[in-house]
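These notes concern the structure reproduced below.
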Amino acid sequence: MRCILVAILIVLSLKTSAQTNMFSPGNKAAKVWADSVYNTLSDSERIAQLMVIRLSTYDFVNKKTVFFDKEVDSLVREYNIGSICLFQGDPVPQANILNHLQSIAKTPILTCMDAEWGVGMRMFDSVEALPKQMMLGAMSDPFIVYKYGRIVGEQCKRIGVNVNYAPVVDINNNPNNPVINDRSFGEDKYKVALYGIEYMKGMQQVGVLACAKHFPGHGDVSVDSHFDLPVINKSMEQLDSLELYPFKQIFKAGIGSVMIAHLYIPAIDSSAHRATSISKNNVTGLMRNQLGYQGLTFTDALEMQGVKKYFPDGQAAVEALIAGNDMLCLPGDVPEAIQKIKEAIDSNILSWNDIETHCKKVLMIKYECGLANWQPVDTNNLTADLNKDVPAMKKLVAENAITLLNKTDKVFFPFKKSNTDNEVAYVAIGIDSANTFAKRMQTDYNATVFYFDYKQDSTRILSMVDSIKNLYKTVVIGIHNYNRAPANNFYISNAAVQLVTQLQEQTTSITLVFGNPYAIKNWCNAKNLIACYEDDEAEQNTVLNLLQGKIPFKGKLPVTVCANYKFGSGILTNNPAK
């Protein structure tokens, strides 16, 4: 029944998307403008229009943003590059650089960004991030995802971004996935498709091009394509029944662009080391011809080792165009890539007709994004504007996503406030000073707070457990500050796992897991257990409001975390009395 309901919602979503999709390949005005601009470009400029260049990076050692504005300025002036991608950096400096680059560009620059959970994903020093897609996947209301998409779209417009590399429509059916994981809506293909379409609708209806990624599906890997080429050994029947499903649905719904993954999938292309991003079988054969998608394509970053390892020094750019891609994301040395592409044309491996087709498609997208009438980014109140809708959306998502997985001891449901000392202990795992949750535990419950970070060894465990179980009636355990990626058990120490397990076994306790839900695998036998998905003020305040019975639990797990808790697990509670 659930699958039938989701399928119906997808059909309705496809209809409304088709009615409101602003990106149409049949736009005559866009074609006229693209043709006229194309005729002003040199051969090198026509190739350069297909390139997306990095604007900045983050120096994690010195904790500062490094801008490549001088280098990009030179590439804009000399080659008329087609696109830049914003990365780390405060909004105002980014906007000022972008305004400058647009002002000197012969052809308006298509500005892109990886803003899956809003522009705060990149501008983390000054813009608060929204929840990641896996937390959205714990909700039952797709309309909230649509509203989320609109907020992200409005943020992008405000900072001058035309294309957001989102949503991720990879199905994360491998809990050890090091690169997708909590960036996915989950493991259910119907929910991933539906929520991806709603996210896309929200962005495209405010004029920002969405980008489905990473075709043909990056969810079932255990290797990070930033560092090597992942392998997926599945048959075409298996791929078609699972990985390709969300892409087929979002293509029908009218998404404006797609990003092609660096994956080795022998069922699609068995040529040695041939990543799907540079495979004609994948891009032209499967996606264009079989699935019928004719929208704009971006390669995943060509500087990633998943492709660069085997096709270095500009060769990946050539191979990507041969495969049928439109835009080359982060191609490395621009002059070298342009030269390699020209050599491929001279050798009849590529043709100028190919370049014309791709270039005019890019130019049409620029027109539909409003770049024919580009206006500078207004930096007045910019940072405040980017943040203004975030708190309310985070609160709404938290209220609909936080998931009650086990409910054994009635004392916690509702967990009434205490006015006496030595009744409640809060054991904060992973931190060494009070966060929002610890402070509220002290305020609301007169709780004694114990800290145990991941650097401590097991020598304290026995005395700590004995002290807590003998002095306190109830124990709240919070798992904080662990890594998003699953490597090394999310960097949750063995000592921390032991401490939590012993407290669960020897006390009346409830465990709250603040972060990637896959980490719950460590404590699936907890008698009282809540998945919180993120670890910031919004989640910490909301889970206490849920525990106190102010609002009902609505969330369900978007993924399977262990045999006890499979996809869809979650105890729903009644609306609190008014």
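How things are named: the first chain in the structure tokens is A, the next is B, and so on; residues count from 1 in each chain; ligands count from 1 in the order shown.
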
### Those in segment 41-258 of chain A with strand (DSSP E) from DSSP, as a count of residues only
31

#### Entry: Contact residues around Pro230 of chain A with only C-alpha atoms at 9 Å, ignoring same-chain residues under 2 positions, as a list in words
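Result of the neighbour search: His218, Val221, Ser222, Val223, Asp224, Ser225, Asp228, Ile232, His262, Leu263, Tyr264, Ile265, Ala275 and Gly306 of chain A.
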
### Task
as a VMD selection string, please: all residues of segment 253-404 of chain A that backbone DSSP puts in helix (DSSP H, G or I).
chain A and resid 276 to 278 280 to 290 305 to 308 315 to 323 334 to 346 352 to 368 371 to 373 382 to 387 390 to 401

### Asn373 of chain A surroundings by only C-alpha atoms, 12 Å radius, close-in-sequence under 2 positions cut, as number ranges by chain
A: 33, 102, 107-109, 366-371, 375-376

### Message
List the spatial neighbours of segment 298-303 of chain A as a PyMOL selection string - criterion: any atom at most 6 Å away, only C-alpha atoms, same-chain residues fewer than 2 positions off excluded.
### Response
chain A and resi 259-261+277+308+327-331

### Message
Could you list, as a PyMOL selection string, every residue within 10 Å of segment 529-537 of chain A, counting only C-alpha atoms and ignoring same-chain residues fewer than 6 positions away?
### Response
chain A and resi 130-132+134-136+138+182+391+394-395+398+401-408+435-437+477-482+484+509-520+523+543+547+553+555-557+570-571

### Message
Give me, as a PyMOL selection string, all polymer residues having an atom no more than 12 Å from Ser184 of chain A, counting only C-alpha atoms and skipping those fewer than 2 positions away in the same chain.
### Response
chain A and resi 116-117+131-138+166-175+177-182+186-189+191-193+195-196+212-214+217-220+246+516+558-559
